[in-house]
Amino acid sequence: MASQTSPPSWLILISLTCALLISCIIASDGDQKVYIVYMGDRPKGHLSASFLHTRMLQEVVGSRASESLLYSYKRSFNGFVAKLTKEEMEKIAGMEGVVSVFPNEKMELHTTKSWDFMAFTQQVPRSQVESDIIIGVFDTGIWPESDSFDGTGFGPIPSKWRGSCQFSSTDFTCNNKIIGAKYFHIGRPIPAEDYASPRDRNGHGTHVASTAAGRVVNDASLLEFGKGTARGGVPSARIAVYKVCWSDGCSDADILAAFDNAIADGVDIISLSVGRGGESLPLNYFEDTTAIGAFHAMKNGILTSNSAGNSGPIYGSIRNYSPWSLSVAASTIDRKFETRVQLGNNMFYTGVSINTFNVDYSYPLVYAGDVPNTQAGFNGDLSKYCNTTNSLNILLVSGKTVLCEQDGNGTVVFRAGAVGTITTSNGGFTDSSRSYPLPASYFGWNDAAQVYNYIKSASNPTAIIRRSIETTDQLAPYVVSFSSRGPNPITRDILKPDLSAPGVYILAAWSQGTSVTGIQGDPRVVPYNIISGTSMSCPHVTGVAAYVKSFNPGWSPAAIKSALMTTALPMNSANNPDAEFAYGAGHIDPLKAVTPGLVYDAGQLDYVKFLCGQGYSTQALQIVTGDSSITCSAANTGTVWDLNYPSFALTSQSYQPITRVFHRTITNVGSPVSTYRAIVVAATGLQIQVVPNVLTFNSLGQSQSFVVTITATFINNNVMSGSLVWDDGVYKVRSPIVAHSSYVAHSSS
Ligand SMILES: *[C@@H]1O[C@H](CO)[C@@H](O)[C@H](O)[C@H]1NC(C)=O
Ligand SMILES: *[C@@H]1O[C@H](CO)[C@@H](O)[C@H](O)[C@H]1NC(C)=O
């Protein structure tokens, strides 16, 4: 996953992510590689899956079969992981029953004021069955002793639970809050620095789990920052942990193993804040681990909530985009951090960072380009970036504050003995920031240039980096620049992302097995940390989906998704120039989502019809669904515009006007007797017709169909927005509409 287009590394704000960004295919012996052989629905019949998998391998690799087979998927779907040469892989790909074979690659990890910010207070009504909801979190594991996961006062484990608590030593135990935990690290040894258990060495998984379902903990803060009550969306729900991310990355094979188990274990919702980087090539649905896993989850009534990715604001950078899962963008809450710097000439500048250090002391200030480690062969052109180990001269740097021209995570200056750093990068964004292992402030390019001029002109330049100040962001919520943008790279006319949720400066629980930054030598071990990412927005949506399900236990994944999307708060395209490609349906509104009025429902057969229309074969779809009666006949082949999706998208390959017809069916879950009217809002250039434009319902569960015809005439914009709202005076069921010309790339790309 080499990065061509990835944003400055500080945008990827999660510890270890930089390490995970690098590398691709897991190394193995000679020219063998680790492949995943995907074989569709759960194996049927009497023979054990591993026996069948070994037999298939024997045909191709002979006596090496059992050694080659690394893992068998069999609880929720069929497939295996094996070490193969390219030639062997090709033979297996041609075998009967095989849907796809793809290399085992690595994904990246994509932070509670946020709930109050969404007007979802501690006093909201709660369903009695909230404590029966089980949330499966696929991540770096969990810190079970955190106050956020205290099992005290929880009733017995829900009887539907079929999972277990796995530990290889005595270092991990579950409780009535964390009811299950497993770890997967297929085909390679567990790195020495990791815990060989579901315990979290990184912090990310603990953070995500507590955001979705952590209990209410008062007086939480990151060293007094963000002080308040930390809580998840569903504090009474149970957590099932599937550790798939390690210091050596999150592999496809491990993530699929988590899906295979979580579905069979009986989780209700899956939270997956992991995905491919925007620089990786988009994959077809049945070659894409998260799409495959989420498909089988959907088939079993389980919604998967995915992070959209942190590769924004690049156009089309979203990577978790299957129509049967939720793709969540990240937006700001009203919290932000400013870090002031006072120079020796008494000039004050304000940068961004989360600086918990309280050092009101003036240190000598040097420019990194002036202090290269020439003995090791570095010059100023390289040392100025502070991003290469050993590139700075320790004698000239230690005890000083260093101005750097590239914003990394601070490791290099910290190791060189610096006591502070001012960083900048050309064209960098300041709508989020991070913690560093030393006092630090990230500056805009122009301010950094003034600091540079001061260093060059003063005889004894000095600087004081102040502790950050927590301030409010009046523009919130808007989608943060790092959040991956649509359009959907595989199916352009399914709008992605689906919606946005808080993902910037989120306070949640943290692992005690690491520090604030995860950088060696950072002494700050904390129970709560503040981080940012779509990894943090995803579990907010997971928590809300669980909340909605606790009031509507029978709803399908598509119905829950529809409820979340159609009740979302429209966002302002003035603050989000990418409009729907930044925020989808808008900003999640947890309370409204429980009572959407109407839902756009869909099930396996609807997705099959859509997939037939996308060119997937009858044979593949029969294997994937395990249903041999399925055919891609004309009657069962649908257009992308007819998938019963809660949003509307159309793409033109040129600036020519384009017309598309969308068929939709909407189901009454509001008032038994109600009459809804269609209210359409459209940008100039968009013509939208809804027939019929009045729908009458006489009972709950009743469905009504309608047709939307949209004509887009592109004038100056290549993105035009609109909306359709079904309104009965009580409920407003809003769908975003976006028309897009891909003739020229979008302005912000
Ligand atoms: C910090 O960044 C360096 C690359 O500059 C990377 O090797 C290292 O893993 C990162 N550390 C953490 C904890 O993110
Ligand atoms: C350091 O930053 C510069 C400028 O962005 C970049 O060209 C270079 O590849 C980076 N080096 C490393 C080791 O990340």
# chains A, B, ... in the order shown; residues from 1 in each chain; ligands from 1

$ select_by_dssp --residues "stretch 578-745 of chain A" --states "helix (DSSP H, G or I)" --output "ChimeraX atom specification"
/A:580-583,590-593,604-613,618-625,634-636,640-642

$ select_by_dssp --residues "stretch 423-672 of chain A" --states "strand (DSSP E)" --output "PyMOL selection string"
chain A and resi 423+440-442+462-465+469-472+499-502+506-509+528-531+598-599+648-652+658-668

$ residues_near_ligand --ligand "ligand 2" --cutoff "7 Å" --atoms "only C-alpha atoms and all ligand atoms" --output "PyMOL selection string"
chain A and resi 385+387-388+406

$ write_last_selection --atoms "C-alpha atoms" --output "PDB file, in the first residue's frame"
ATOM      1  CA  TYR A 385      11.861  17.534   7.182  1.00  0.00           C
ATOM      2  CA  ASN A 387      11.231  12.670   9.102  1.00  0.00           C
ATOM      3  CA  THR A 388      14.285  10.474   8.780  1.00  0.00           C
ATOM      4  CA  GLN A 406       7.252  18.327   7.433  1.00  0.00           C
TER       5      GLN A 406
END

$ closest_residue --among "A:Leu109, A:Val241, A:Ile715, A:Leu256" --to "ligand 1" --atoms "only C-alpha atoms and all ligand atoms"
A:Leu109

$ closest_residue --among "A:Ile135, A:Ile519, A:Leu272, A:Ala579" --to "ligand 1" --atoms "only C-alpha atoms and all ligand atoms"
A:Ile519

$ residues_around --residues "A:Lys83" --least-positions-apart "2" --cutoff "7 Å" --atoms "only C-alpha atoms" --output "ChimeraX atom specification"
/A:32-35,68-69

$ write_last_selection --atoms "all heavy atoms" --output "compact mmCIF listing (two decimals), in the first residue's frame"
# COMPACT_ATOMS: atom_id res chain seq x y z
N GLN A 32 6.06 -18.07 -3.00
CA GLN A 32 4.71 -18.29 -2.49
C GLN A 32 4.22 -17.05 -1.77
O GLN A 32 4.99 -16.32 -1.17
CB GLN A 32 4.71 -19.44 -1.48
CG GLN A 32 5.01 -20.78 -2.09
CD GLN A 32 5.24 -21.83 -1.01
OE1 GLN A 32 4.79 -21.68 0.10
NE2 GLN A 32 5.96 -22.87 -1.36
N LYS A 33 2.92 -16.88 -1.88
CA LYS A 33 2.30 -15.77 -1.18
C LYS A 33 1.07 -16.30 -0.45
O LYS A 33 0.57 -17.36 -0.80
CB LYS A 33 1.81 -14.73 -2.19
CG LYS A 33 2.85 -13.73 -2.61
CD LYS A 33 2.21 -12.77 -3.59
CE LYS A 33 3.26 -11.89 -4.24
NZ LYS A 33 2.70 -11.21 -5.40
N VAL A 34 0.58 -15.53 0.48
CA VAL A 34 -0.63 -15.94 1.17
C VAL A 34 -1.84 -15.41 0.41
O VAL A 34 -1.92 -14.22 0.12
CB VAL A 34 -0.62 -15.45 2.63
CG1 VAL A 34 -1.93 -15.83 3.32
CG2 VAL A 34 0.57 -16.04 3.38
N TYR A 35 -2.72 -16.34 0.03
CA TYR A 35 -3.93 -15.97 -0.70
C TYR A 35 -5.17 -16.35 0.09
O TYR A 35 -5.15 -17.31 0.89
CB TYR A 35 -3.99 -16.69 -2.05
CG TYR A 35 -2.99 -16.17 -3.06
CD1 TYR A 35 -1.77 -16.81 -3.23
CD2 TYR A 35 -3.26 -15.03 -3.81
CE1 TYR A 35 -0.83 -16.34 -4.15
CE2 TYR A 35 -2.32 -14.55 -4.74
CZ TYR A 35 -1.12 -15.20 -4.89
OH TYR A 35 -0.21 -14.73 -5.79
N SER A 68 0.28 -25.99 3.56
CA SER A 68 -0.12 -24.79 2.82
C SER A 68 -1.38 -24.14 3.40
O SER A 68 -1.55 -22.93 3.37
CB SER A 68 -0.33 -25.17 1.35
OG SER A 68 -1.20 -24.28 0.73
N LEU A 69 -2.27 -24.99 3.96
CA LEU A 69 -3.55 -24.47 4.47
C LEU A 69 -3.33 -23.78 5.81
O LEU A 69 -2.93 -24.38 6.79
CB LEU A 69 -4.54 -25.63 4.65
CG LEU A 69 -5.93 -25.25 5.17
CD1 LEU A 69 -6.68 -24.39 4.17
CD2 LEU A 69 -6.75 -26.50 5.50

$ residues_around --residues "A:Val480" --least-positions-apart "5" --cutoff "7 Å" --atoms "only C-alpha atoms" --output "list in words"
Ala330, Ser331, Thr332 and Asp431 of chain A

$ write_last_selection --atoms "N, CA, C and O atoms" --output "compact mmCIF listing (two decimals), in the first residue's frame"
# COMPACT_ATOMS: atom_id res chain seq x y z
N ALA A 330 -16.14 11.51 8.71
CA ALA A 330 -15.85 12.12 10.01
C ALA A 330 -16.05 13.63 9.97
O ALA A 330 -15.59 14.29 9.04
N SER A 331 -16.75 14.15 10.97
CA SER A 331 -16.94 15.60 11.05
C SER A 331 -16.51 16.12 12.42
O SER A 331 -16.26 15.36 13.35
N THR A 332 -16.42 17.42 12.49
CA THR A 332 -15.92 18.07 13.70
C THR A 332 -17.02 18.18 14.76
O THR A 332 -18.21 18.17 14.45
N ASP A 431 -7.63 21.63 10.37
CA ASP A 431 -8.94 21.37 10.98
C ASP A 431 -8.92 20.17 11.93
O ASP A 431 -9.95 19.81 12.49

$ closest_residue --among "A:Val412, A:Val479, A:Ile688, A:Ile263" --to "ligand 1" --atoms "only C-alpha atoms and all ligand atoms"
A:Val412

$ residues_around --residues "A:Arg55" --least-positions-apart "3" --cutoff "12 Å" --atoms "only C-alpha atoms" --output "PDB file with all heavy atoms, in the first residue's frame"
ATOM      1  N   LEU A  47     -18.969 -33.478   5.187  1.00  0.00           N
ATOM      2  CA  LEU A  47     -17.516 -33.412   5.277  1.00  0.00           C
ATOM      3  C   LEU A  47     -17.097 -32.103   5.933  1.00  0.00           C
ATOM      4  O   LEU A  47     -17.688 -31.061   5.694  1.00  0.00           O
ATOM      5  CB  LEU A  47     -16.915 -33.493   3.869  1.00  0.00           C
ATOM      6  CG  LEU A  47     -17.124 -34.834   3.167  1.00  0.00           C
ATOM      7  CD1 LEU A  47     -16.665 -34.760   1.731  1.00  0.00           C
ATOM      8  CD2 LEU A  47     -16.387 -35.934   3.915  1.00  0.00           C
ATOM      9  N   SER A  48     -16.062 -32.172   6.739  1.00  0.00           N
ATOM     10  CA  SER A  48     -15.632 -30.946   7.395  1.00  0.00           C
ATOM     11  C   SER A  48     -14.999 -30.001   6.368  1.00  0.00           C
ATOM     12  O   SER A  48     -14.398 -30.443   5.385  1.00  0.00           O
ATOM     13  CB  SER A  48     -14.639 -31.252   8.514  1.00  0.00           C
ATOM     14  OG  SER A  48     -13.338 -31.333   7.987  1.00  0.00           O
ATOM     15  N   ALA A  49     -15.177 -28.726   6.609  1.00  0.00           N
ATOM     16  CA  ALA A  49     -14.681 -27.729   5.662  1.00  0.00           C
ATOM     17  C   ALA A  49     -13.178 -27.854   5.495  1.00  0.00           C
ATOM     18  O   ALA A  49     -12.666 -27.823   4.378  1.00  0.00           O
ATOM     19  CB  ALA A  49     -15.052 -26.337   6.129  1.00  0.00           C
ATOM     20  N   SER A  50     -12.456 -28.042   6.578  1.00  0.00           N
ATOM     21  CA  SER A  50     -10.995 -28.106   6.458  1.00  0.00           C
ATOM     22  C   SER A  50     -10.569 -29.330   5.646  1.00  0.00           C
ATOM     23  O   SER A  50      -9.590 -29.278   4.911  1.00  0.00           O
ATOM     24  CB  SER A  50     -10.309 -28.113   7.820  1.00  0.00           C
ATOM     25  OG  SER A  50     -11.216 -28.057   8.855  1.00  0.00           O
ATOM     26  N   PHE A  51     -11.345 -30.410   5.765  1.00  0.00           N
ATOM     27  CA  PHE A  51     -11.055 -31.593   4.950  1.00  0.00           C
ATOM     28  C   PHE A  51     -11.219 -31.273   3.464  1.00  0.00           C
ATOM     29  O   PHE A  51     -10.358 -31.584   2.644  1.00  0.00           O
ATOM     30  CB  PHE A  51     -11.988 -32.749   5.370  1.00  0.00           C
ATOM     31  CG  PHE A  51     -11.818 -33.983   4.535  1.00  0.00           C
ATOM     32  CD1 PHE A  51     -10.746 -34.848   4.746  1.00  0.00           C
ATOM     33  CD2 PHE A  51     -12.718 -34.278   3.510  1.00  0.00           C
ATOM     34  CE1 PHE A  51     -10.590 -35.982   3.970  1.00  0.00           C
ATOM     35  CE2 PHE A  51     -12.557 -35.415   2.731  1.00  0.00           C
ATOM     36  CZ  PHE A  51     -11.489 -36.264   2.956  1.00  0.00           C
ATOM     37  N   LEU A  52     -12.330 -30.598   3.144  1.00  0.00           N
ATOM     38  CA  LEU A  52     -12.570 -30.212   1.741  1.00  0.00           C
ATOM     39  C   LEU A  52     -11.491 -29.265   1.232  1.00  0.00           C
ATOM     40  O   LEU A  52     -11.004 -29.405   0.110  1.00  0.00           O
ATOM     41  CB  LEU A  52     -13.930 -29.525   1.613  1.00  0.00           C
ATOM     42  CG  LEU A  52     -15.138 -30.451   1.658  1.00  0.00           C
ATOM     43  CD1 LEU A  52     -16.424 -29.637   1.669  1.00  0.00           C
ATOM     44  CD2 LEU A  52     -15.107 -31.381   0.435  1.00  0.00           C
ATOM     45  N   GLN A  58      -4.677 -30.434  -2.186  1.00  0.00           N
ATOM     46  CA  GLN A  58      -3.908 -31.602  -2.608  1.00  0.00           C
ATOM     47  C   GLN A  58      -3.840 -31.709  -4.125  1.00  0.00           C
ATOM     48  O   GLN A  58      -2.809 -32.037  -4.685  1.00  0.00           O
ATOM     49  CB  GLN A  58      -4.526 -32.878  -2.026  1.00  0.00           C
ATOM     50  CG  GLN A  58      -3.916 -33.245  -0.689  1.00  0.00           C
ATOM     51  CD  GLN A  58      -4.771 -34.229   0.083  1.00  0.00           C
ATOM     52  OE1 GLN A  58      -5.871 -34.602  -0.368  1.00  0.00           O
ATOM     53  NE2 GLN A  58      -4.302 -34.650   1.236  1.00  0.00           N
ATOM     54  N   GLU A  59      -4.947 -31.387  -4.778  1.00  0.00           N
ATOM     55  CA  GLU A  59      -4.979 -31.451  -6.240  1.00  0.00           C
ATOM     56  C   GLU A  59      -3.948 -30.529  -6.861  1.00  0.00           C
ATOM     57  O   GLU A  59      -3.493 -30.744  -7.966  1.00  0.00           O
ATOM     58  CB  GLU A  59      -6.360 -31.024  -6.760  1.00  0.00           C
ATOM     59  CG  GLU A  59      -7.362 -32.138  -6.773  1.00  0.00           C
ATOM     60  CD  GLU A  59      -8.657 -31.673  -7.407  1.00  0.00           C
ATOM     61  OE1 GLU A  59      -8.621 -31.012  -8.470  1.00  0.00           O
ATOM     62  OE2 GLU A  59      -9.714 -31.948  -6.809  1.00  0.00           O
ATOM     63  N   VAL A  60      -3.623 -29.486  -6.158  1.00  0.00           N
ATOM     64  CA  VAL A  60      -2.756 -28.466  -6.729  1.00  0.00           C
ATOM     65  C   VAL A  60      -1.348 -28.472  -6.152  1.00  0.00           C
ATOM     66  O   VAL A  60      -0.372 -28.338  -6.880  1.00  0.00           O
ATOM     67  CB  VAL A  60      -3.411 -27.063  -6.544  1.00  0.00           C
ATOM     68  CG1 VAL A  60      -2.479 -25.967  -7.006  1.00  0.00           C
ATOM     69  CG2 VAL A  60      -4.728 -26.986  -7.290  1.00  0.00           C
ATOM     70  N   VAL A  61      -1.223 -28.669  -4.876  1.00  0.00           N
ATOM     71  CA  VAL A  61       0.106 -28.601  -4.263  1.00  0.00           C
ATOM     72  C   VAL A  61       0.578 -29.953  -3.741  1.00  0.00           C
ATOM     73  O   VAL A  61       1.653 -30.043  -3.141  1.00  0.00           O
ATOM     74  CB  VAL A  61       0.168 -27.555  -3.124  1.00  0.00           C
ATOM     75  CG1 VAL A  61      -0.304 -26.208  -3.626  1.00  0.00           C
ATOM     76  CG2 VAL A  61      -0.634 -27.975  -1.907  1.00  0.00           C
ATOM     77  N   GLY A  62      -0.239 -30.997  -3.938  1.00  0.00           N
ATOM     78  CA  GLY A  62       0.169 -32.341  -3.536  1.00  0.00           C
ATOM     79  C   GLY A  62       0.367 -32.462  -2.032  1.00  0.00           C
ATOM     80  O   GLY A  62      -0.445 -32.004  -1.242  1.00  0.00           O
ATOM     81  N   SER A  63       1.517 -33.008  -1.667  1.00  0.00           N
ATOM     82  CA  SER A  63       1.746 -33.329  -0.258  1.00  0.00           C
ATOM     83  C   SER A  63       1.941 -32.078   0.606  1.00  0.00           C
ATOM     84  O   SER A  63       1.945 -32.140   1.828  1.00  0.00           O
ATOM     85  CB  SER A  63       2.974 -34.218  -0.143  1.00  0.00           C
ATOM     86  OG  SER A  63       4.085 -33.487  -0.638  1.00  0.00           O
ATOM     87  N   ARG A  64       2.096 -30.939  -0.063  1.00  0.00           N
ATOM     88  CA  ARG A  64       2.293 -29.718   0.721  1.00  0.00           C
ATOM     89  C   ARG A  64       0.954 -29.175   1.265  1.00  0.00           C
ATOM     90  O   ARG A  64       0.915 -28.130   1.918  1.00  0.00           O
ATOM     91  CB  ARG A  64       2.969 -28.668  -0.165  1.00  0.00           C
ATOM     92  CG  ARG A  64       4.068 -27.873   0.573  1.00  0.00           C
ATOM     93  CD  ARG A  64       4.717 -26.882  -0.325  1.00  0.00           C
ATOM     94  NE  ARG A  64       3.717 -25.940  -0.592  1.00  0.00           N
ATOM     95  CZ  ARG A  64       3.357 -25.266  -1.673  1.00  0.00           C
ATOM     96  NH1 ARG A  64       3.890 -25.319  -2.528  1.00  0.00           N
ATOM     97  NH2 ARG A  64       2.408 -24.473  -1.878  1.00  0.00           N
ATOM     98  N   ALA A  65      -0.154 -29.881   0.983  1.00  0.00           N
ATOM     99  CA  ALA A  65      -1.486 -29.337   1.238  1.00  0.00           C
ATOM    100  C   ALA A  65      -1.714 -28.891   2.677  1.00  0.00           C
ATOM    101  O   ALA A  65      -2.127 -27.762   2.932  1.00  0.00           O
ATOM    102  CB  ALA A  65      -2.549 -30.345   0.820  1.00  0.00           C
ATOM    103  N   SER A  66      -1.401 -29.788   3.621  1.00  0.00           N
ATOM    104  CA  SER A  66      -1.768 -29.425   5.000  1.00  0.00           C
ATOM    105  C   SER A  66      -0.865 -28.309   5.526  1.00  0.00           C
ATOM    106  O   SER A  66      -1.274 -27.500   6.344  1.00  0.00           O
ATOM    107  CB  SER A  66      -1.739 -30.645   5.914  1.00  0.00           C
ATOM    108  OG  SER A  66      -0.517 -31.294   5.768  1.00  0.00           O
ATOM    109  N   SER A  68       0.277 -25.987   3.559  1.00  0.00           N
ATOM    110  CA  SER A  68      -0.117 -24.792   2.821  1.00  0.00           C
ATOM    111  C   SER A  68      -1.381 -24.144   3.400  1.00  0.00           C
ATOM    112  O   SER A  68      -1.548 -22.935   3.365  1.00  0.00           O
ATOM    113  CB  SER A  68      -0.334 -25.169   1.354  1.00  0.00           C
ATOM    114  OG  SER A  68      -1.196 -24.279   0.727  1.00  0.00           O
ATOM    115  N   LEU A  69      -2.272 -24.991   3.955  1.00  0.00           N
ATOM    116  CA  LEU A  69      -3.550 -24.474   4.471  1.00  0.00           C
ATOM    117  C   LEU A  69      -3.333 -23.775   5.809  1.00  0.00           C
ATOM    118  O   LEU A  69      -2.927 -24.382   6.789  1.00  0.00           O
ATOM    119  CB  LEU A  69      -4.544 -25.632   4.651  1.00  0.00           C
ATOM    120  CG  LEU A  69      -5.928 -25.251   5.171  1.00  0.00           C
ATOM    121  CD1 LEU A  69      -6.678 -24.390   4.167  1.00  0.00           C
ATOM    122  CD2 LEU A  69      -6.749 -26.495   5.499  1.00  0.00           C
ATOM    123  N   PHE A  80     -10.815 -20.355   2.480  1.00  0.00           N
ATOM    124  CA  PHE A  80      -9.624 -20.673   3.260  1.00  0.00           C
ATOM    125  C   PHE A  80      -8.474 -19.749   2.910  1.00  0.00           C
ATOM    126  O   PHE A  80      -8.529 -19.012   1.920  1.00  0.00           O
ATOM    127  CB  PHE A  80      -9.237 -22.147   3.091  1.00  0.00           C
ATOM    128  CG  PHE A  80      -8.951 -22.601   1.686  1.00  0.00           C
ATOM    129  CD1 PHE A  80      -7.662 -22.562   1.172  1.00  0.00           C
ATOM    130  CD2 PHE A  80      -9.992 -23.078   0.872  1.00  0.00           C
ATOM    131  CE1 PHE A  80      -7.410 -23.004  -0.125  1.00  0.00           C
ATOM    132  CE2 PHE A  80      -9.726 -23.516  -0.415  1.00  0.00           C
ATOM    133  CZ  PHE A  80      -8.436 -23.477  -0.924  1.00  0.00           C
ATOM    134  N   ILE A  92      -6.343 -22.916  -8.566  1.00  0.00           N
ATOM    135  CA  ILE A  92      -7.426 -22.927  -7.568  1.00  0.00           C
ATOM    136  C   ILE A  92      -8.549 -21.995  -7.998  1.00  0.00           C
ATOM    137  O   ILE A  92      -9.741 -22.317  -7.844  1.00  0.00           O
ATOM    138  CB  ILE A  92      -6.872 -22.534  -6.186  1.00  0.00           C
ATOM    139  CG1 ILE A  92      -5.886 -23.610  -5.763  1.00  0.00           C
ATOM    140  CG2 ILE A  92      -8.015 -22.323  -5.181  1.00  0.00           C
ATOM    141  CD1 ILE A  92      -5.878 -24.018  -4.354  1.00  0.00           C
ATOM    142  N   MET A  95     -11.167 -23.618 -10.011  1.00  0.00           N
ATOM    143  CA  MET A  95     -11.885 -24.785  -9.480  1.00  0.00           C
ATOM    144  C   MET A  95     -13.344 -24.460  -9.197  1.00  0.00           C
ATOM    145  O   MET A  95     -13.697 -23.315  -8.925  1.00  0.00           O
ATOM    146  CB  MET A  95     -11.205 -25.277  -8.200  1.00  0.00           C
ATOM    147  CG  MET A  95      -9.887 -25.951  -8.457  1.00  0.00           C
ATOM    148  SD  MET A  95      -9.060 -26.349  -6.914  1.00  0.00           S
ATOM    149  CE  MET A  95      -8.889 -28.083  -7.105  1.00  0.00           C
TER     150      MET A  95
END

$ residues_around --residues "A:Ser562" --least-positions-apart "2" --cutoff "7 Å" --atoms "only C-alpha atoms" --output "MDAnalysis selection string"
chainID A and resid 558:560 564:566 599:600 646

$ residues_around --residues "A:Gly351" --least-positions-apart "4" --cutoff "7 Å" --atoms "only C-alpha atoms" --output "list of chain:residue names"
A:Glu338, A:Thr339, A:Arg340, A:Ser441, A:Tyr442, A:Phe443

$ atom_distance --atom1 "atom CA of A:Ile270" --atom2 "atom CA of A:Asn202"
20.0 Å

$ atom_distance --atom1 "atom CA of A:Gln474" --atom2 "atom CA of A:Leu507"
19.2 Å
